[in-house]
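Undergrad: After the structure tokens below, expect a handful of questions from me.
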Amino acid sequence: MQITQRTVLVVGGTSGIGRGLAQRFADAGSTVVVGGRDPQPQDGMDTVRIDVTDPASVLRARDEVLAAHPGLDVVVTMSGVMLVEDLRDPAHGAAAETTIDTNLLGTIRVVDAFTPHLLARGSGTVLTVSSGIAFLPFPLMPSYAASKAGVHAYTEALRAQLAGTGVEVAELVPPAVATAGQERVNPAALPLEGYLDEVMALLAADPTPHEVLVEGVRMHRWAERDGTYAELVARRSQSLSTLPGR
């Protein structure tokens with residue numbers, strides 16, 4: 001994937017991995033638009049207001065971005081939420097709906113909005129974002145894992161359907177990265193800059209990998225193949241002791 005001289009939209013690029021990825025594209029010489037619910041001015045980057053849970057907001061953002069940047073050729077969907085759920089408490093349903101609406105349906109809405117533009121160009125890149133938790137669930141956040149597994153499956157289908165169109169489809173699969181307080185609860189979280197170094201090197205490979213897997217996420221991605229899945233899920237299940245009454 002060429003990372004220079006591109007026109008890139010990063011939806012969910014106002015903080016964390018998304019913000020860092022947007023900056024890396026900008027530093028490489030690409031034009032970058034950062035999208036979010038309440039985007040703040042970004043040095044050297046345009047912004048667009050977008051709420052991926054609102055179909056009308058997604059379409060308004062699409063029209064605004066394409067009017068200002070008709071050469072848009074990279075769409076990155078980063079928006080996501082991670083919510084704890086107690087499946088013994090039916091009230092968890094609200095968190096499940098929010099998670100799936102944001103992480104999975106939000107991804108689909110953004111991809112749907114921009115795919116016709118990329119197909120008309122006959123070239124471009126769609127970069128979705130799943131998670132190592134898509135392949136090795138974290139039982140404390142069940143709907144997060146389910147939504148990210150859905151993003152993975154949807155990305156696979158999108159790639160198959162767009163084959164031969166000139167539009168490439170890649171999937172970023174992050175492990176825990178030291179942003180948004182992850183470093184306080186997970187000592188194994190990767191430093192953001194080191195993670196981005198690996199990601200940009202992998203994106204620049206030829207051909208672009210279907211799954212962008214840094215070294216720190218491979219144990220999650222291949223746990224089932226490697227025979228470590230049950231042990232690692234059991235280890236992750238220990239966090240359930242933090243729920244009320246456990």
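We label chains A, B, ... in the order they appear in the structure tokens, count residues from 1 in each chain, and number ligands from 1 in the order shown.
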For Gln2 of chain A, please output as a list in words all residues within 10 Å (counting only C-alpha atoms; exclusion window: fewer than 2 positions along the same chain).
TA: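 The contact residues come out as Thr4, Gln5, Arg6, Ala28, Ser30, Thr125, Leu203, Ala204, Ala205, Asp206 and Thr208 of chain A.
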Undergrad: Enumerate the residues of segment 21-229 of chain A with a DSSP assignment of helix (DSSP H, G or I), computed from the backbone, and present them as JSON, numbers by chain.
TA: {"A": [21, 22, 23, 24, 25, 26, 27, 55, 56, 57, 58, 59, 60, 61, 62, 63, 64, 65, 66, 67, 68, 90, 91, 92, 93, 94, 95, 96, 97, 98, 99, 100, 101, 102, 103, 104, 105, 106, 107, 108, 109, 110, 111, 112, 113, 114, 115, 116, 117, 118, 119, 120, 121, 132, 133, 134, 142, 143, 144, 145, 146, 147, 148, 149, 150, 151, 152, 153, 154, 155, 156, 157, 158, 159, 160, 161, 162, 182, 183, 184, 185, 192, 193, 194, 195, 196, 197, 198, 199, 200, 201, 202, 203, 215, 216, 217, 218, 219, 220, 221, 223, 224, 225, 226, 229]}
Undergrad: With distances taken over only C-alpha atoms, which of A:Tyr154, A:Pro207, A:Pro142, A:Arg24 is nearest to Ser237 of chain A?
TA: A:Pro142
Undergrad: From the list A:Leu243, A:Ala230, A:Met45, A:Val8, which residue is nearest Leu66 of chain A when using only C-alpha atoms?
TA: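 Result for the nearest residue to Leu66 of chain A: A:Val8.
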Undergrad: Which residues of segment 88-156 of chain A sit at most 7 Å from segment 162-175 of chain A, using only C-alpha atoms? Give each one's shortest atom pair and distance in Å (one decimal place), in chain and ascending residue order, as CSV.
TA:
```
residue,atom,partner,partner_atom,distance
A:Leu118,CA,A:Val167,CA,6.7
A:Leu119,CA,A:Thr165,CA,6.6
A:Gly122,CA,A:Gly166,CA,5.1
A:Ser123,CA,A:Gly166,CA,4.4
A:Gly124,CA,A:Val167,CA,4.7
A:Thr125,CA,A:Glu168,CA,4.8
A:Val126,CA,A:Val169,CA,4.9
A:Leu127,CA,A:Ala170,CA,4.9
A:Thr128,CA,A:Glu171,CA,4.8
A:Val129,CA,A:Leu172,CA,4.7
A:Ser130,CA,A:Val173,CA,5.2
A:Ser131,CA,A:Val173,CA,4.5
A:Gly132,CA,A:Pro175,CA,5.1
A:Thr155,CA,A:Glu171,CA,7.0
```
Undergrad: Given the choices A:Thr77, A:Thr31, A:Gln42, A:Gln23, which gets closest to Thr7 of chain A if the distance is worked out from only C-alpha atoms?
TA: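 Of A:Thr77, A:Thr31, A:Gln42, A:Gln23, the one nearest Thr7 of chain A, counting only C-alpha atoms, is A:Thr31.
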Undergrad: Looking at A:Pro137, A:Pro55, A:Gly245, A:Pro191, which one is nearest to His220 of chain A, with distances taken over only C-alpha atoms?
TA: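 Once distances to His220 of chain A are computed over only C-alpha atoms, the minimum belongs to A:Pro137.
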Undergrad: In terms of the shortest atom-to-atom distance over only C-alpha atoms, which of A:Gly12, A:Gly106, A:Gly35, A:Pro209 is closest to Arg159 of chain A?
TA: A:Pro209
Undergrad: Provide the atom CA of Ser239 of chain A to atom CA of Asp226 of chain A distance in Å, to one decimal place.
TA: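 Computing the Euclidean distance for atom CA of Ser239 of chain A and atom CA of Asp226 of chain A yields 23.2 Å.
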Undergrad: Near Ser57 of chain A, counting only C-alpha atoms, which residues have an atom at most 12 Å away, once you skip same-chain residues fewer than 3 positions from it, shown as an mmCIF file with all heavy atoms, in the first residue's frame?
TA:
```cif
data_model
loop_
_atom_site.group_PDB
_atom_site.id
_atom_site.type_symbol
_atom_site.label_atom_id
_atom_site.label_comp_id
_atom_site.auth_asym_id
_atom_site.auth_seq_id
_atom_site.Cartn_x
_atom_site.Cartn_y
_atom_site.Cartn_z
ATOM 1 N N GLY A 35 -12.141 12.206 11.152
ATOM 2 C CA GLY A 35 -13.565 12.245 11.467
ATOM 3 C C GLY A 35 -13.850 11.788 12.877
ATOM 4 O O GLY A 35 -13.194 10.879 13.399
ATOM 5 N N GLY A 36 -14.827 12.443 13.527
ATOM 6 C CA GLY A 36 -15.230 12.051 14.869
ATOM 7 C C GLY A 36 -16.493 12.781 15.269
ATOM 8 O O GLY A 36 -16.974 13.660 14.551
ATOM 9 N N ARG A 37 -17.043 12.409 16.405
ATOM 10 C CA ARG A 37 -18.282 13.048 16.870
ATOM 11 C C ARG A 37 -18.054 14.514 17.217
ATOM 12 O O ARG A 37 -18.924 15.347 17.019
ATOM 13 C CB ARG A 37 -18.822 12.306 18.092
ATOM 14 C CG ARG A 37 -19.421 10.941 17.767
ATOM 15 C CD ARG A 37 -20.015 10.315 19.014
ATOM 16 N NE ARG A 37 -20.666 9.041 18.716
ATOM 17 C CZ ARG A 37 -21.264 8.293 19.623
ATOM 18 N NH1 ARG A 37 -21.298 8.688 20.890
ATOM 19 N NH2 ARG A 37 -21.838 7.154 19.280
ATOM 20 N N VAL A 48 -13.894 16.398 10.036
ATOM 21 C CA VAL A 48 -15.295 16.286 9.659
ATOM 22 C C VAL A 48 -16.053 15.686 10.835
ATOM 23 O O VAL A 48 -15.561 14.777 11.513
ATOM 24 C CB VAL A 48 -15.478 15.431 8.383
ATOM 25 C CG1 VAL A 48 -15.042 13.981 8.617
ATOM 26 C CG2 VAL A 48 -16.912 15.483 7.890
ATOM 27 N N ARG A 49 -17.238 16.213 11.101
ATOM 28 C CA ARG A 49 -18.059 15.685 12.182
ATOM 29 C C ARG A 49 -18.834 14.482 11.659
ATOM 30 O O ARG A 49 -19.527 14.566 10.633
ATOM 31 C CB ARG A 49 -19.023 16.752 12.683
ATOM 32 C CG ARG A 49 -19.766 16.375 13.967
ATOM 33 C CD ARG A 49 -20.633 17.551 14.437
ATOM 34 N NE ARG A 49 -19.837 18.746 14.680
ATOM 35 C CZ ARG A 49 -19.173 18.984 15.796
ATOM 36 N NH1 ARG A 49 -19.216 18.113 16.787
ATOM 37 N NH2 ARG A 49 -18.473 20.099 15.934
ATOM 38 N N ILE A 50 -18.717 13.353 12.352
ATOM 39 C CA ILE A 50 -19.412 12.146 11.929
ATOM 40 C C ILE A 50 -19.730 11.287 13.142
ATOM 41 O O ILE A 50 -18.887 11.088 14.013
ATOM 42 C CB ILE A 50 -18.573 11.349 10.899
ATOM 43 C CG1 ILE A 50 -19.316 10.086 10.425
ATOM 44 C CG2 ILE A 50 -17.193 11.010 11.438
ATOM 45 C CD1 ILE A 50 -18.637 9.391 9.256
ATOM 46 N N ASP A 51 -20.962 10.814 13.204
ATOM 47 C CA ASP A 51 -21.407 9.881 14.230
ATOM 48 C C ASP A 51 -21.783 8.592 13.508
ATOM 49 O O ASP A 51 -22.781 8.536 12.797
ATOM 50 C CB ASP A 51 -22.619 10.461 14.974
ATOM 51 C CG ASP A 51 -23.163 9.517 16.036
ATOM 52 O OD1 ASP A 51 -22.701 8.357 16.119
ATOM 53 O OD2 ASP A 51 -24.084 9.943 16.771
ATOM 54 N N VAL A 52 -20.968 7.560 13.684
ATOM 55 C CA VAL A 52 -21.177 6.342 12.898
ATOM 56 C C VAL A 52 -22.440 5.582 13.295
ATOM 57 O O VAL A 52 -22.859 4.670 12.581
ATOM 58 C CB VAL A 52 -19.957 5.408 12.974
ATOM 59 C CG1 VAL A 52 -18.712 6.102 12.446
ATOM 60 C CG2 VAL A 52 -19.741 4.868 14.386
ATOM 61 N N THR A 53 -23.058 5.956 14.431
ATOM 62 C CA THR A 53 -24.313 5.311 14.821
ATOM 63 C C THR A 53 -25.528 5.983 14.184
ATOM 64 O O THR A 53 -26.645 5.514 14.353
ATOM 65 C CB THR A 53 -24.490 5.315 16.354
ATOM 66 O OG1 THR A 53 -24.677 6.657 16.813
ATOM 67 C CG2 THR A 53 -23.274 4.703 17.043
ATOM 68 N N ASP A 54 -25.300 7.075 13.454
ATOM 69 C CA ASP A 54 -26.374 7.844 12.825
ATOM 70 C C ASP A 54 -26.196 7.806 11.310
ATOM 71 O O ASP A 54 -25.307 8.471 10.769
ATOM 72 C CB ASP A 54 -26.319 9.290 13.335
ATOM 73 C CG ASP A 54 -27.385 10.183 12.718
ATOM 74 O OD1 ASP A 54 -28.117 9.720 11.814
ATOM 75 O OD2 ASP A 54 -27.479 11.360 13.128
ATOM 76 N N ARG A 60 -23.967 12.705 5.483
ATOM 77 C CA ARG A 60 -23.574 14.121 5.442
ATOM 78 C C ARG A 60 -22.059 14.253 5.419
ATOM 79 O O ARG A 60 -21.494 15.063 4.676
ATOM 80 C CB ARG A 60 -24.151 14.872 6.638
ATOM 81 C CG ARG A 60 -25.645 15.186 6.539
ATOM 82 C CD ARG A 60 -26.055 16.221 7.583
ATOM 83 N NE ARG A 60 -25.799 15.761 8.942
ATOM 84 C CZ ARG A 60 -26.666 15.085 9.677
ATOM 85 N NH1 ARG A 60 -27.866 14.779 9.176
ATOM 86 N NH2 ARG A 60 -26.369 14.715 10.908
ATOM 87 N N ALA A 61 -21.392 13.467 6.241
ATOM 88 C CA ALA A 61 -19.931 13.511 6.284
ATOM 89 C C ALA A 61 -19.336 13.077 4.951
ATOM 90 O O ALA A 61 -18.376 13.685 4.462
ATOM 91 C CB ALA A 61 -19.419 12.624 7.415
ATOM 92 N N ARG A 62 -19.910 12.038 4.365
ATOM 93 C CA ARG A 62 -19.427 11.592 3.052
ATOM 94 C C ARG A 62 -19.499 12.719 2.037
ATOM 95 O O ARG A 62 -18.519 12.994 1.323
ATOM 96 C CB ARG A 62 -20.257 10.407 2.569
ATOM 97 C CG ARG A 62 -19.910 9.930 1.159
ATOM 98 C CD ARG A 62 -21.053 9.177 0.534
ATOM 99 N NE ARG A 62 -22.243 10.015 0.383
ATOM 100 C CZ ARG A 62 -23.442 9.533 0.072
ATOM 101 N NH1 ARG A 62 -23.619 8.237 -0.104
ATOM 102 N NH2 ARG A 62 -24.466 10.354 -0.059
ATOM 103 N N ASP A 63 -20.647 13.370 1.978
ATOM 104 C CA ASP A 63 -20.816 14.443 0.994
ATOM 105 C C ASP A 63 -19.847 15.589 1.249
ATOM 106 O O ASP A 63 -19.275 16.165 0.307
ATOM 107 C CB ASP A 63 -22.260 14.952 1.024
ATOM 108 C CG ASP A 63 -23.263 13.906 0.536
ATOM 109 O OD1 ASP A 63 -22.823 12.912 -0.083
ATOM 110 O OD2 ASP A 63 -24.469 14.085 0.788
ATOM 111 N N GLU A 64 -19.633 15.927 2.523
ATOM 112 C CA GLU A 64 -18.723 17.019 2.868
ATOM 113 C C GLU A 64 -17.282 16.670 2.495
ATOM 114 O O GLU A 64 -16.559 17.491 1.916
ATOM 115 C CB GLU A 64 -18.822 17.309 4.372
ATOM 116 C CG GLU A 64 -17.955 18.457 4.834
ATOM 117 C CD GLU A 64 -18.119 18.734 6.322
ATOM 118 O OE1 GLU A 64 -19.186 18.402 6.880
ATOM 119 O OE2 GLU A 64 -17.166 19.279 6.924
ATOM 120 N N GLY A 106 -21.473 0.546 12.619
ATOM 121 C CA GLY A 106 -20.776 1.783 12.263
ATOM 122 C C GLY A 106 -19.757 1.547 11.161
ATOM 123 O O GLY A 106 -19.637 2.350 10.220
ATOM 124 N N ARG A 109 -21.687 1.065 7.901
ATOM 125 C CA ARG A 109 -22.235 2.330 7.382
ATOM 126 C C ARG A 109 -21.154 3.151 6.668
ATOM 127 O O ARG A 109 -21.393 3.707 5.588
ATOM 128 C CB ARG A 109 -22.838 3.143 8.521
ATOM 129 C CG ARG A 109 -24.117 2.549 9.110
ATOM 130 C CD ARG A 109 -24.676 3.426 10.217
ATOM 131 N NE ARG A 109 -25.802 2.760 10.874
ATOM 132 C CZ ARG A 109 -25.801 2.323 12.121
ATOM 133 N NH1 ARG A 109 -24.722 2.513 12.884
ATOM 134 N NH2 ARG A 109 -26.851 1.725 12.626
ATOM 135 N N VAL A 110 -19.983 3.231 7.271
ATOM 136 C CA VAL A 110 -18.909 4.009 6.654
ATOM 137 C C VAL A 110 -18.444 3.361 5.356
ATOM 138 O O VAL A 110 -18.275 4.029 4.324
ATOM 139 C CB VAL A 110 -17.727 4.178 7.631
ATOM 140 C CG1 VAL A 110 -16.531 4.811 6.928
ATOM 141 C CG2 VAL A 110 -18.145 5.026 8.831
ATOM 142 N N ALA A 113 -20.969 3.894 2.631
ATOM 143 C CA ALA A 113 -21.047 5.282 2.165
ATOM 144 C C ALA A 113 -19.981 5.599 1.129
ATOM 145 O O ALA A 113 -20.234 6.341 0.170
ATOM 146 C CB ALA A 113 -20.935 6.239 3.350
#
```
Undergrad: What does the distance between atom CA of Arg121 of chain A and atom CA of Met1 of chain A come to in Å, to one decimal place?
TA: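 Value for the atom CA of Arg121 of chain A-atom CA of Met1 of chain A distance: 16.4 Å.
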Undergrad: Return as JSON, numbers by chain the full set of residues in segment 50-210 of chain A whose backbone-based DSSP assignment is strand (DSSP E or B).
TA: {"A": [74, 75, 76, 77, 124, 125, 126, 127, 128, 129, 167, 168, 169, 170, 171, 172, 177, 190]}
Undergrad: Just to be explicit: take each residue in the selection above, keep N, CA and C atoms, and write the result as an mmCIF file, in the first residue's frame.
TA:
```cif
data_model
loop_
_atom_site.group_PDB
_atom_site.id
_atom_site.type_symbol
_atom_site.label_atom_id
_atom_site.label_comp_id
_atom_site.auth_asym_id
_atom_site.auth_seq_id
_atom_site.Cartn_x
_atom_site.Cartn_y
_atom_site.Cartn_z
ATOM 1 N N VAL A 74 -8.355 6.577 0.307
ATOM 2 C CA VAL A 74 -8.167 5.667 1.437
ATOM 3 C C VAL A 74 -9.228 5.985 2.487
ATOM 4 N N VAL A 75 -9.964 4.969 2.902
ATOM 5 C CA VAL A 75 -10.973 5.126 3.959
ATOM 6 C C VAL A 75 -10.620 4.172 5.094
ATOM 7 N N VAL A 76 -10.414 4.726 6.281
ATOM 8 C CA VAL A 76 -10.076 3.941 7.472
ATOM 9 C C VAL A 76 -11.226 4.071 8.466
ATOM 10 N N THR A 77 -11.739 2.945 8.954
ATOM 11 C CA THR A 77 -12.841 2.979 9.928
ATOM 12 C C THR A 77 -12.309 2.548 11.290
ATOM 13 N N GLY A 124 -8.182 2.359 -4.860
ATOM 14 C CA GLY A 124 -8.312 2.869 -3.503
ATOM 15 C C GLY A 124 -8.129 1.760 -2.484
ATOM 16 N N THR A 125 -8.235 2.148 -1.226
ATOM 17 C CA THR A 125 -8.030 1.211 -0.126
ATOM 18 C C THR A 125 -9.084 1.425 0.941
ATOM 19 N N VAL A 126 -9.658 0.341 1.429
ATOM 20 C CA VAL A 126 -10.510 0.351 2.617
ATOM 21 C C VAL A 126 -9.740 -0.375 3.712
ATOM 22 N N LEU A 127 -9.564 0.289 4.848
ATOM 23 C CA LEU A 127 -8.873 -0.312 5.984
ATOM 24 C C LEU A 127 -9.840 -0.383 7.155
ATOM 25 N N THR A 128 -10.287 -1.597 7.475
ATOM 26 C CA THR A 128 -11.160 -1.792 8.635
ATOM 27 C C THR A 128 -10.295 -2.102 9.853
ATOM 28 N N VAL A 129 -10.912 -2.023 11.026
ATOM 29 C CA VAL A 129 -10.165 -2.271 12.264
ATOM 30 C C VAL A 129 -10.943 -3.253 13.123
ATOM 31 N N VAL A 167 -9.987 -1.878 -5.931
ATOM 32 C CA VAL A 167 -10.090 -1.399 -4.544
ATOM 33 C C VAL A 167 -9.604 -2.511 -3.622
ATOM 34 N N GLU A 168 -8.526 -2.241 -2.885
ATOM 35 C CA GLU A 168 -7.998 -3.249 -1.972
ATOM 36 C C GLU A 168 -8.637 -3.091 -0.592
ATOM 37 N N VAL A 169 -8.732 -4.197 0.113
ATOM 38 C CA VAL A 169 -9.351 -4.221 1.439
ATOM 39 C C VAL A 169 -8.371 -4.861 2.410
ATOM 40 N N ALA A 170 -8.015 -4.143 3.467
ATOM 41 C CA ALA A 170 -7.113 -4.658 4.490
ATOM 42 C C ALA A 170 -7.751 -4.483 5.858
ATOM 43 N N GLU A 171 -7.297 -5.275 6.802
ATOM 44 C CA GLU A 171 -7.858 -5.291 8.162
ATOM 45 C C GLU A 171 -6.741 -5.080 9.167
ATOM 46 N N LEU A 172 -6.857 -4.028 9.945
ATOM 47 C CA LEU A 172 -5.919 -3.766 11.029
ATOM 48 C C LEU A 172 -6.392 -4.540 12.257
ATOM 49 N N VAL A 177 -3.045 -1.614 23.109
ATOM 50 C CA VAL A 177 -2.063 -0.557 22.868
ATOM 51 C C VAL A 177 -2.225 0.481 23.971
ATOM 52 N N LEU A 190 1.053 -2.425 24.253
ATOM 53 C CA LEU A 190 2.197 -1.965 23.472
ATOM 54 C C LEU A 190 2.275 -0.444 23.472
#
```
Undergrad: Closest to Ala189 of chain A among A:Leu72, A:Val217, A:Leu202, A:Met141, using only C-alpha atoms?
TA: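 Comparing A:Leu72, A:Val217, A:Leu202, A:Met141 against Ala189 of chain A, the winner is A:Val217.
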Undergrad: I want to know what sits within 8 Å of Ala223 of chain A, based on only C-alpha atoms, with residues of the same chain fewer than 6 positions away left out; could you give that as a list in words?
TA: Phe135, Leu136, Tyr229 and Leu232 of chain A
